[in-house]
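For reference, data12.txt is printed below; it contains compact mmCIF, C-alpha atoms and all ligand atoms.
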```
# COMPACT_ATOMS: atom_id res chain seq x y z
CA MET A 185 5.32 -31.23 9.23
CA SER A 186 8.41 -33.28 8.48
CA ARG A 187 6.45 -35.70 6.33
CA ILE A 188 5.29 -33.06 3.98
CA ASP A 189 7.25 -33.20 0.80
CA ILE A 190 6.40 -31.15 -2.15
CA ASP A 191 9.82 -31.07 -3.73
CA ALA A 192 8.81 -33.46 -6.46
CA LEU A 193 5.83 -31.29 -7.10
CA GLU A 194 7.96 -28.21 -7.47
CA GLU A 195 10.18 -29.99 -9.97
CA GLU A 196 7.17 -30.92 -12.00
CA TRP A 197 6.10 -27.28 -12.03
CA ASP A 198 9.56 -26.18 -12.99
CA GLU A 199 9.58 -28.41 -16.03
CA ASP A 200 6.25 -27.07 -16.94
CA GLY A 201 7.62 -23.56 -16.93
CA GLY A 202 5.23 -22.73 -14.14
CA VAL A 203 3.20 -20.58 -16.47
CA ARG A 204 0.39 -22.65 -17.86
CA GLY A 205 -1.94 -22.92 -14.89
CA PRO A 206 0.31 -25.12 -12.77
CA ARG A 207 -2.28 -25.41 -10.06
CA ARG A 208 -4.57 -27.48 -12.17
CA ARG A 209 -1.84 -30.04 -12.70
CA ILE A 210 -1.19 -30.90 -9.10
CA SER A 211 -2.82 -33.83 -7.43
CA ARG A 212 -5.37 -33.51 -4.70
CA THR A 213 -3.09 -35.10 -2.12
CA ALA A 214 -0.38 -32.60 -2.96
CA ARG A 215 -2.85 -29.78 -2.63
CA GLU A 216 -3.95 -31.12 0.75
CA LYS A 217 -0.35 -31.25 1.88
CA LEU A 218 0.10 -27.69 0.75
CA ALA A 219 -2.98 -26.66 2.67
CA ARG A 220 -1.47 -27.99 5.87
CA LEU A 221 1.59 -25.75 5.69
CA GLU A 222 1.85 -22.82 8.02
CA ILE A 223 0.68 -19.45 6.72
CA GLY A 224 2.89 -16.45 7.30
CA ARG A 225 2.92 -12.81 6.36
CA VAL A 226 5.61 -11.23 4.20
CA THR A 227 7.44 -8.37 5.92
CA MET A 228 10.16 -7.76 3.33
CA VAL A 229 11.08 -8.87 -0.17
CA ASP A 230 14.61 -8.57 -1.44
CA ARG A 231 14.96 -10.11 -4.88
CA GLY A 232 14.98 -13.85 -4.30
CA ARG A 233 14.84 -13.61 -0.55
CA VAL A 234 11.79 -12.97 1.50
CA THR A 235 11.22 -12.35 5.19
CA VAL A 236 8.08 -13.93 6.58
CA LEU A 237 6.37 -13.44 9.90
CA LEU A 238 5.42 -16.89 11.17
CA GLY A 239 3.55 -16.62 14.42
CA GLU A 240 5.63 -14.17 16.42
CA ARG A 241 8.87 -14.91 14.61
CA GLU A 242 10.35 -13.46 11.46
CA VAL A 243 12.15 -16.01 9.30
CA GLN A 244 14.22 -15.75 6.15
CA ALA A 245 12.89 -17.80 3.29
CA ARG A 246 13.38 -18.19 -0.42
CA PHE A 247 10.91 -18.80 -3.20
CA GLY A 248 10.09 -22.35 -4.06
CA GLY A 249 9.72 -23.46 -7.66
CA THR A 250 5.96 -23.25 -7.35
CA MET A 251 6.29 -19.49 -7.09
CA ARG A 252 7.77 -18.99 -10.52
CA GLY A 253 6.04 -16.12 -12.26
CA GLU A 254 4.20 -15.13 -9.08
CA LYS A 255 4.82 -11.74 -7.58
CA VAL A 256 4.88 -11.38 -3.85
CA ALA A 257 4.50 -8.09 -2.01
CA VAL A 258 4.96 -7.06 1.58
CA GLY A 259 1.83 -7.97 3.51
CA ASP A 260 1.07 -11.02 1.37
CA ARG A 261 -0.08 -14.14 3.15
CA VAL A 262 2.02 -17.08 2.03
CA ARG A 263 2.39 -20.74 2.82
CA VAL A 264 5.83 -21.66 4.01
CA LYS A 265 7.46 -25.03 3.75
CA PRO A 266 9.81 -25.43 6.69
CA ALA A 267 13.49 -26.21 6.24
CA ARG A 268 14.21 -29.90 6.58
CA ARG A 269 17.86 -29.55 7.43
CA VAL A 270 19.62 -26.91 9.46
CA SER A 271 21.54 -25.83 6.39
CA ASP A 272 18.35 -25.46 4.39
CA THR A 273 16.10 -22.39 4.13
CA PRO A 274 12.32 -22.41 4.47
CA ARG A 275 10.53 -21.91 1.21
CA VAL A 276 7.53 -19.86 0.22
CA VAL A 277 5.43 -22.20 -1.88
CA GLU A 278 2.08 -20.45 -2.28
CA ARG A 279 0.66 -16.97 -2.16
CA LEU A 280 -2.89 -16.69 -0.87
CA ASP A 281 -5.47 -14.40 -2.39
CA ARG A 282 -5.23 -10.78 -1.37
CA ASP A 283 -7.87 -8.94 0.62
CA THR A 284 -6.59 -5.49 -0.27
CA VAL A 285 -3.92 -4.02 -2.53
CA LEU A 286 -2.30 -0.65 -2.72
CA ALA A 287 -0.96 -0.34 -6.24
CA ARG A 288 0.44 2.44 -8.35
CA SER A 289 1.84 2.87 -11.81
CA ALA A 290 4.95 4.95 -12.51
CA ASP A 291 2.77 7.55 -14.20
CA ASP A 292 -0.68 7.74 -15.76
CA THR A 293 0.48 6.41 -19.14
CA ILE A 294 2.16 3.28 -17.87
CA ASP A 295 -0.47 0.64 -17.57
CA GLU A 296 1.60 -1.74 -15.54
CA GLU A 297 0.74 -1.49 -11.89
CA ARG A 298 3.05 -2.37 -9.10
CA VAL A 299 1.49 -3.67 -5.94
CA ILE A 300 3.25 -1.68 -3.23
CA VAL A 301 1.72 -3.59 -0.37
CA ALA A 302 -0.98 -6.23 0.06
CA ASN A 303 -3.54 -6.91 2.76
CA VAL A 304 -2.91 -3.77 4.80
CA ASP A 305 -5.90 -2.37 6.63
CA GLU A 306 -5.13 1.25 6.03
CA VAL A 307 -2.85 3.61 4.15
CA VAL A 308 -1.77 6.86 5.77
CA VAL A 309 -0.87 9.55 3.26
CA VAL A 310 1.71 11.85 4.76
CA ILE A 311 1.69 15.42 3.47
CA ALA A 312 3.69 18.39 4.72
CA ALA A 313 2.04 21.42 6.29
CA ASP A 314 4.34 23.71 4.34
CA HIS A 315 3.52 22.07 0.98
CA LEU A 316 -0.20 21.53 1.21
CA ASP A 317 -0.88 22.24 -2.46
CA ALA A 318 1.40 19.46 -3.66
CA GLY A 319 0.19 17.26 -0.81
CA ARG A 320 -3.48 17.59 -1.73
CA GLY A 321 -2.93 16.45 -5.32
CA PHE A 322 -0.89 13.50 -4.11
CA ALA A 323 -3.36 12.57 -1.39
CA ASP A 324 -6.30 12.66 -3.83
CA ARG A 325 -4.52 10.07 -5.92
CA VAL A 326 -3.58 7.79 -3.04
CA LEU A 327 -7.15 7.93 -1.73
CA VAL A 328 -8.42 6.81 -5.13
CA ALA A 329 -5.90 3.95 -5.12
CA ALA A 330 -7.03 2.99 -1.62
CA GLU A 331 -10.68 2.93 -2.67
CA ALA A 332 -9.77 0.84 -5.70
CA GLY A 333 -7.75 -1.57 -3.57
CA GLY A 334 -10.31 -1.92 -0.79
CA LEU A 335 -8.38 -0.43 2.12
CA ASP A 336 -9.08 2.40 4.55
CA ALA A 337 -7.19 5.63 4.25
CA ALA A 338 -6.25 8.58 6.43
CA VAL A 339 -4.34 11.77 5.78
CA CYS A 340 -1.52 12.88 8.06
CA VAL A 341 -0.46 16.52 7.95
CA ASN A 342 3.12 16.43 9.21
CA LYS A 343 5.44 19.36 10.04
CA ILE A 344 2.51 20.89 11.87
CA ASP A 345 5.07 22.81 13.95
CA LEU A 346 5.64 24.98 10.88
CA VAL A 347 2.07 26.15 10.85
CA GLY A 348 1.99 29.85 11.51
CA SER A 349 -1.22 31.80 11.81
CA GLY A 350 -1.29 32.15 8.03
CA VAL A 351 -1.29 28.41 7.28
CA GLU A 352 -3.67 27.35 10.04
CA SER A 353 -6.70 28.08 7.88
CA GLU A 354 -5.16 26.07 5.06
CA VAL A 355 -4.71 23.07 7.34
CA GLU A 356 -8.30 23.45 8.46
CA ALA A 357 -9.36 23.49 4.81
CA VAL A 358 -7.51 20.20 4.30
CA GLU A 359 -9.21 18.72 7.37
CA ASP A 360 -12.55 19.85 6.06
CA ARG A 361 -11.91 18.61 2.53
CA TYR A 362 -11.00 15.07 3.56
CA GLY A 363 -13.12 14.94 6.70
CA ARG A 364 -16.28 15.52 4.66
CA ALA A 365 -15.31 12.64 2.41
CA GLY A 366 -14.99 10.42 5.49
CA TYR A 367 -11.20 10.30 5.73
CA PRO A 368 -9.65 10.98 9.14
CA VAL A 369 -7.07 13.76 9.13
CA LEU A 370 -4.27 13.72 11.70
CA ARG A 371 -1.79 16.42 12.57
CA THR A 372 1.73 15.44 13.50
CA SER A 373 5.15 16.90 13.99
CA ALA A 374 7.99 14.42 13.78
CA LEU A 375 10.13 17.26 15.09
CA THR A 376 8.28 18.03 18.33
CA GLY A 377 6.37 14.76 18.70
CA GLU A 378 3.02 16.49 18.60
CA GLY A 379 0.25 14.15 17.45
CA VAL A 380 2.50 11.10 17.34
CA GLU A 381 0.63 9.44 20.18
CA ALA A 382 -2.70 9.82 18.41
CA LEU A 383 -1.14 8.34 15.31
CA GLN A 384 0.21 5.40 17.32
CA GLU A 385 -3.20 4.71 18.79
CA ARG A 386 -4.62 4.56 15.31
CA LEU A 387 -2.18 1.79 14.38
CA ALA A 388 -3.25 -0.70 17.06
CA HIS A 389 -4.30 -4.16 15.85
CA ARG A 390 -3.78 -3.43 12.21
CA TRP A 391 -1.29 -3.17 9.39
CA THR A 392 -0.84 0.36 8.14
CA ALA A 393 1.12 1.50 5.10
CA PHE A 394 2.65 4.96 4.94
CA THR A 395 3.15 6.81 1.70
CA GLY A 396 4.19 10.32 0.78
CA HIS A 397 6.29 12.53 -1.43
CA SER A 398 9.96 12.50 -0.49
CA GLY A 399 10.72 15.21 2.00
CA VAL A 400 7.40 15.25 3.86
CA GLY A 401 9.06 13.73 6.92
CA LYS A 402 7.97 10.12 6.59
CA SER A 403 11.36 8.77 7.70
CA SER A 404 11.34 11.12 10.67
CA LEU A 405 7.87 9.92 11.61
CA PHE A 406 9.00 6.32 11.31
CA ASN A 407 11.89 7.00 13.60
CA ARG A 408 9.38 8.14 16.19
CA LEU A 409 7.11 5.13 15.66
CA VAL A 410 9.77 2.47 15.29
CA PRO A 411 12.95 3.84 16.86
CA HIS A 412 14.96 0.65 16.36
CA ALA A 413 14.56 0.83 12.58
CA LEU A 414 16.86 3.86 12.38
CA HIS A 415 15.85 5.59 9.19
CA GLU A 416 18.28 8.06 7.75
CA VAL A 417 16.64 11.43 7.56
CA GLY A 418 17.09 13.77 4.63
CA GLU A 419 20.57 12.58 3.73
CA LEU A 420 22.08 10.76 0.81
CA GLY A 421 21.29 7.11 1.25
CA ARG A 422 23.18 4.11 0.01
CA TYR A 423 20.87 3.93 -2.97
CA GLY A 424 22.00 7.29 -4.26
CA GLY A 425 18.68 9.08 -4.04
CA ARG A 426 17.86 11.74 -1.52
CA HIS A 427 15.23 9.64 0.09
CA THR A 428 16.62 6.67 1.86
CA THR A 429 13.82 4.17 2.16
CA ALA A 430 14.64 2.15 -0.91
CA ARG A 431 12.31 -0.70 -0.27
CA VAL A 432 9.04 -1.60 1.28
CA ARG A 433 9.34 -2.97 4.77
CA ALA A 434 6.88 -3.91 7.50
CA LEU A 435 7.94 -3.13 11.05
CA ARG A 436 6.33 -3.95 14.33
CA VAL A 437 5.47 -0.78 16.23
CA PRO A 438 6.76 -1.22 19.76
CA GLY A 439 4.34 -0.42 22.55
CA VAL A 440 1.27 -0.59 20.31
CA PRO A 441 -0.52 -3.95 20.43
CA GLY A 442 -0.75 -5.72 17.09
CA ALA A 443 0.53 -2.73 15.16
CA TRP A 444 2.61 -3.17 12.02
CA ALA A 445 3.70 -0.15 10.04
CA VAL A 446 4.77 -0.54 6.43
CA ASP A 447 7.24 1.98 5.13
CA THR A 448 7.30 2.57 1.40
CA PRO A 449 9.80 4.53 -0.67
CA GLY A 450 9.08 8.24 -0.97
CA VAL A 451 7.76 8.85 -4.47
CA ARG A 452 7.48 11.79 -6.79
CA SER A 453 4.16 10.76 -8.30
CA PHE A 454 1.40 8.25 -7.81
CA GLY A 455 0.23 7.00 -11.20
CA LEU A 456 -3.27 5.65 -11.63
CA ALA A 457 -3.02 4.28 -15.15
CA ALA A 458 -4.87 1.11 -14.17
CA VAL A 459 -7.98 3.03 -13.07
CA PRO A 460 -10.46 3.23 -15.96
CA PRO A 461 -11.74 6.84 -16.21
CA GLU A 462 -15.35 5.63 -16.12
CA GLU A 463 -14.74 4.06 -12.71
CA LEU A 464 -13.14 7.11 -11.15
CA ALA A 465 -16.36 8.59 -9.78
CA ASP A 466 -16.98 5.40 -7.83
CA LEU A 467 -13.64 5.88 -6.12
CA PHE A 468 -14.61 9.28 -4.73
CA PRO A 469 -16.94 8.60 -1.78
CA GLU A 470 -18.74 11.90 -2.33
CA LEU A 471 -19.49 11.01 -5.95
CA ARG A 472 -20.20 7.36 -5.37
CA ASP A 473 -23.26 8.28 -3.33
CA LEU A 474 -24.58 10.58 -6.00
CA ASP A 475 -27.94 9.50 -7.34
CA CYS A 476 -27.33 10.17 -11.01
CA GLU A 477 -29.84 8.92 -13.54
CA LEU A 478 -27.62 9.20 -16.58
CA ASP A 479 -26.06 6.07 -17.96
CA ALA A 480 -22.31 5.66 -17.37
CA CYS A 481 -22.19 9.31 -16.39
CA LEU A 482 -18.80 10.89 -15.77
CA HIS A 483 -20.56 13.74 -13.92
CA ALA A 484 -18.77 16.14 -16.19
CA GLY A 485 -21.57 18.66 -16.31
CA ASP A 486 -23.87 17.08 -18.89
CA PRO A 487 -27.50 18.21 -18.74
CA GLY A 488 -29.55 15.79 -16.64
CA CYS A 489 -26.60 14.81 -14.46
CA ALA A 490 -27.36 14.91 -10.76
CA LEU A 491 -24.36 17.16 -10.28
CA ALA A 492 -25.63 19.69 -12.79
CA GLU A 493 -28.83 19.91 -10.76
CA ALA A 494 -27.22 19.97 -7.31
CA PRO A 495 -23.73 21.30 -7.80
CA ASP A 496 -23.26 21.68 -4.05
CA ALA A 497 -23.60 17.94 -3.46
CA VAL A 498 -19.84 17.63 -3.63
CA PRO A 499 -17.58 20.19 -1.93
CA GLY A 500 -16.02 22.41 -4.59
CA ASP A 501 -12.41 21.49 -4.46
CA ARG A 502 -12.93 17.72 -4.30
CA LEU A 503 -15.14 18.03 -7.38
CA GLU A 504 -12.36 19.98 -8.99
CA ALA A 505 -9.90 17.28 -7.91
CA TYR A 506 -12.13 14.63 -9.47
CA ARG A 507 -12.39 16.55 -12.71
CA ARG A 508 -8.68 17.18 -12.86
CA LEU A 509 -7.95 13.50 -12.26
CA LEU A 510 -10.57 12.45 -14.80
CA ALA A 511 -8.95 14.67 -17.42
CA ALA A 512 -5.55 13.25 -16.50
CA LEU A 513 -6.75 9.67 -16.90
CA GLN A 514 -8.56 10.42 -20.16
CA ASN A 515 -5.51 12.11 -21.65
CA PRO A 516 -2.63 10.61 -19.76
CA THR A 517 0.80 12.18 -19.86
CA SER A 518 3.89 11.18 -18.01
CA GLU A 519 3.34 14.12 -15.66
CA THR A 520 1.19 13.16 -12.70
P1 LIG B 1 11.06 11.77 3.96
O1 LIG B 1 11.76 12.04 2.67
O2 LIG B 1 9.59 11.91 3.82
O3 LIG B 1 11.45 10.50 4.60
O4 LIG B 1 11.47 12.98 4.95
P2 LIG B 1 12.58 13.05 6.08
O5 LIG B 1 12.13 12.38 7.30
O6 LIG B 1 13.90 12.66 5.50
O7 LIG B 1 12.55 14.61 6.38
C1 LIG B 1 12.83 15.60 5.39
C2 LIG B 1 13.24 16.88 6.10
O8 LIG B 1 12.13 17.40 6.84
C3 LIG B 1 14.36 16.69 7.12
O9 LIG B 1 15.20 17.82 7.07
C4 LIG B 1 13.62 16.61 8.45
O10 LIG B 1 14.41 17.04 9.52
C5 LIG B 1 12.46 17.55 8.22
N1 LIG B 1 11.26 17.20 9.02
C6 LIG B 1 10.69 15.98 9.13
N2 LIG B 1 9.62 16.04 9.92
C7 LIG B 1 9.49 17.32 10.33
C8 LIG B 1 8.56 18.01 11.15
O11 LIG B 1 7.58 17.46 11.68
N3 LIG B 1 8.75 19.35 11.30
C9 LIG B 1 9.77 20.02 10.73
N4 LIG B 1 9.88 21.32 10.94
N5 LIG B 1 10.68 19.38 9.94
C10 LIG B 1 10.55 18.05 9.75
ZN ZN B 2 -23.83 12.33 -13.53
```

Kindly transcribe the structure held in the file into structure tokens.
Amino acid sequence: MSRIDIDALEEEWDEDGGVRGPRRRISRTAREKLARLEIGRVTMVDRGRVTVLLGEREVQARFGGTMRGEKVAVGDRVRVKPARRVSDTPRVVERLDRDTVLARSADDTIDEERVIVANVDEVVVVIAADHLDAGRGFADRVLVAAEAGGLDAAVCVNKIDLVGSGVESEVEAVEDRYGRAGYPVLRTSALTGEGVEALQERLAHRWTAFTGHSGVGKSSLFNRLVPHALHEVGELGRYGGRHTTARVRALRVPGVPGAWAVDTPGVRSFGLAAVPPEELADLFPELRDLDCELDACLHAGDPGCALAEAPDAVPGDRLEAYRRLLAALQNPTSET
């Protein structure tokens, strides 16, 4: 390792501005040297500093000049150049291609997507049993983003302890709605601990991102899963907002082999501006399987559409969810 030196290379890239396809400019030997560097996994990004899991160890690193203009997200696989002196810091010099991405835009009008997390196996959408209406709309969006980004998804109904006899049927409706689309639905209570074990089992040997509206109890759930992380619950955080998870962070889940849980900031909306309306049907498993003969059909009820002929092919409220989302993406507003 100590012989590897790509400092000169980085300088060359710096002069070049690092924008105009720097990779093509580097020599084959340099590329081979790069390829020999250890690959780690990003667990946290904080402006210029990045924490990388290398083997079993988390190390602090900074971005090398080769990374100019590159964006790195939690979960990214990166090549790390080790520090040569004790006083030096290891440097992230290359980001590898991503297998999956979970990305959102601020709202449906803002085309610029932010990758929340890369390469996770699954996203768990946390919704609250006492706000199922809001939760469903949010979950529908996250599930679309998960399909677009190539990762698995599950829905977690938290605050299940609040479910009285009146809400039970509503929770069952949620289970049915997502279950029929192939998404597992879990029930948890961060308050009583109910369902937490089943959730933990689900996390084994994979990286799982958690997302949800603020207030659904995501921090409380994290405190159960990763007690040493100490999330502040429902109080004013140091970032001023009510929710306190200000940045994305991957944490090892103790007691569960190979499990990493990625916490993400609680959000008010999950924009899908980067999803072209004509691709939306492909991101709903129930609609993807539809054998529709019409060209580029949006399944919006046109004569000849498979859905017009077999309206029961897709359970009513997921069809409604699709149509509502389609309308939102066709006529985006800043309300999501
Ligand atoms: P976050 O914004 O999603 O991180 O939510 P928090 O974890 O901060 O929780 C928001 C509020 O919901 C707090 O007052 C929690 O005590 C409460 N809460 C969280 N989980 C549960 C739960 O499972 N059941 C009940 N009854 N309350 C919960
Ligand atoms: Zn159709």

Expected answer as a VMD selection string: residues within 10 Å of ligand LIG 1 (chain B), all atoms listed in the file:
chain A and resid 310 to 314 341 to 347 371 to 380 394 to 407 415 to 420 426 to 429 447 to 451

Would you tabulate, counting all atoms listed in the file, all residues of chain A that have an atom at most 6 Å from an atom of ligand ZN 2 (chain B), showing the closest pair of atoms and their distance in Å to one decimal, sorted by chain then ascending number, as CSV?
```
residue,atom,partner,partner_atom,distance
A:Cys476,CA,B:ZN2,ZN,4.8
A:Leu478,CA,B:ZN2,ZN,5.8
A:Cys481,CA,B:ZN2,ZN,4.5
A:Leu482,CA,B:ZN2,ZN,5.7
A:His483,CA,B:ZN2,ZN,3.6
A:Cys489,CA,B:ZN2,ZN,3.8
A:Ala490,CA,B:ZN2,ZN,5.2
A:Leu491,CA,B:ZN2,ZN,5.8
```

Considering all atoms listed in the file, give me a table of residues in range 220-337 of chain A that are at most 12 Å from range 381-389 of chain A, with the closest atom pair and distance in Å for each, as CSV.
```
residue,atom,partner,partner_atom,distance
A:Val304,CA,A:Leu387,CA,11.1
A:Asp305,CA,A:His389,CA,9.5
A:Glu306,CA,A:Leu387,CA,8.9
A:Val307,CA,A:Leu387,CA,10.4
A:Val308,CA,A:Leu383,CA,9.7
A:Val310,CA,A:Leu383,CA,11.5
A:Asp336,CA,A:Arg386,CA,11.8
A:Ala337,CA,A:Arg386,CA,11.4
```

Just C-alpha atoms for this one: save the residues we selected as a tab-separated table (two decimals), keeping the file's coordinate frame.
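Okay, again.tsv is ready:
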```
chain	number	residue	atom	x	y	z
A	304	VAL	CA	-2.91	-3.77	4.80
A	305	ASP	CA	-5.90	-2.37	6.63
A	306	GLU	CA	-5.13	1.25	6.03
A	307	VAL	CA	-2.85	3.61	4.15
A	308	VAL	CA	-1.77	6.86	5.77
A	310	VAL	CA	1.71	11.85	4.76
A	336	ASP	CA	-9.08	2.40	4.55
A	337	ALA	CA	-7.19	5.63	4.25
```

Shell of 7 Å around range 282-296 of chain A, only C-alpha atoms, local chain residues under 5 positions omitted, as a PDB file with C-alpha atoms, in the coordinates of the input:
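Now in around-v7.pdb:
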```pdb
ATOM      1  CA  ASP A 260       1.070 -11.020   1.370  1.00  0.00           C
ATOM      2  CA  VAL A 301       1.720  -3.590  -0.370  1.00  0.00           C
ATOM      3  CA  ALA A 302      -0.980  -6.230   0.060  1.00  0.00           C
ATOM      4  CA  ASN A 303      -3.540  -6.910   2.760  1.00  0.00           C
ATOM      5  CA  VAL A 304      -2.910  -3.770   4.800  1.00  0.00           C
ATOM      6  CA  ALA A 329      -5.900   3.950  -5.120  1.00  0.00           C
ATOM      7  CA  ALA A 330      -7.030   2.990  -1.620  1.00  0.00           C
ATOM      8  CA  GLY A 333      -7.750  -1.570  -3.570  1.00  0.00           C
ATOM      9  CA  GLY A 334     -10.310  -1.920  -0.790  1.00  0.00           C
ATOM     10  CA  LEU A 335      -8.380  -0.430   2.120  1.00  0.00           C
ATOM     11  CA  SER A 453       4.160  10.760  -8.300  1.00  0.00           C
ATOM     12  CA  PHE A 454       1.400   8.250  -7.810  1.00  0.00           C
ATOM     13  CA  GLY A 455       0.230   7.000 -11.200  1.00  0.00           C
ATOM     14  CA  LEU A 456      -3.270   5.650 -11.630  1.00  0.00           C
ATOM     15  CA  ALA A 457      -3.020   4.280 -15.150  1.00  0.00           C
ATOM     16  CA  ALA A 458      -4.870   1.110 -14.170  1.00  0.00           C
ATOM     17  CA  LEU A 513      -6.750   9.670 -16.900  1.00  0.00           C
ATOM     18  CA  PRO A 516      -2.630  10.610 -19.760  1.00  0.00           C
ATOM     19  CA  THR A 517       0.800  12.180 -19.860  1.00  0.00           C
ATOM     20  CA  SER A 518       3.890  11.180 -18.010  1.00  0.00           C
ATOM     21  CA  GLU A 519       3.340  14.120 -15.660  1.00  0.00           C
ATOM     22  CA  THR A 520       1.190  13.160 -12.700  1.00  0.00           C
TER      23      THR A 520
END
```

Take the point (10.2, -24.5, 6.3) as written in the file and pick out every residue within 9 Å of it, counting only C-alpha atoms; give the list as number ranges by chain.
A: 185, 221-222, 245, 264-268, 272-276

Could you give me the axis-aligned bounding box of range 500-511 of chain A, with 4 Å of padding per side, as centre plus edge lengths in Å to one decimal, as lines of an AutoDock Vina configuration file?
```
center_x = -12.0
center_y = 17.4
center_z = -10.9
size_x = 16.1
size_y = 18.0
size_z = 21.1
```

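Nearest residue to Asp324 in chain A, choosing from A:Leu409, A:Val299, A:Pro441, A:Tyr367 and counting all atoms listed in the file: A:Tyr367.
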
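CA of Met228 in chain A is found 6.6 Å from CA of Ala434 in chain A.
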
Can you list, as a ChimeraX atom specification, every protein, DNA or RNA residue that comes within 9 Å of Arg502 in chain A when you count all atoms listed in the file, leaving out same-chain residues fewer than 3 positions away?
/A:324,361-362,365,468,470,498-499,505-507

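Shortest atom-to-atom contact with Ala393 in chain A among A:Gly259, A:Gly348, A:Gly248, A:Gly253: A:Gly259, counting only C-alpha atoms.
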
The distance between CA of Val369 in chain A and CA of Ala413 in chain A is 25.4 Å

Interatomic distance, CA of Glu331 in chain A to CA of Leu238 in chain A (Å, one decimal):
29.0 Å
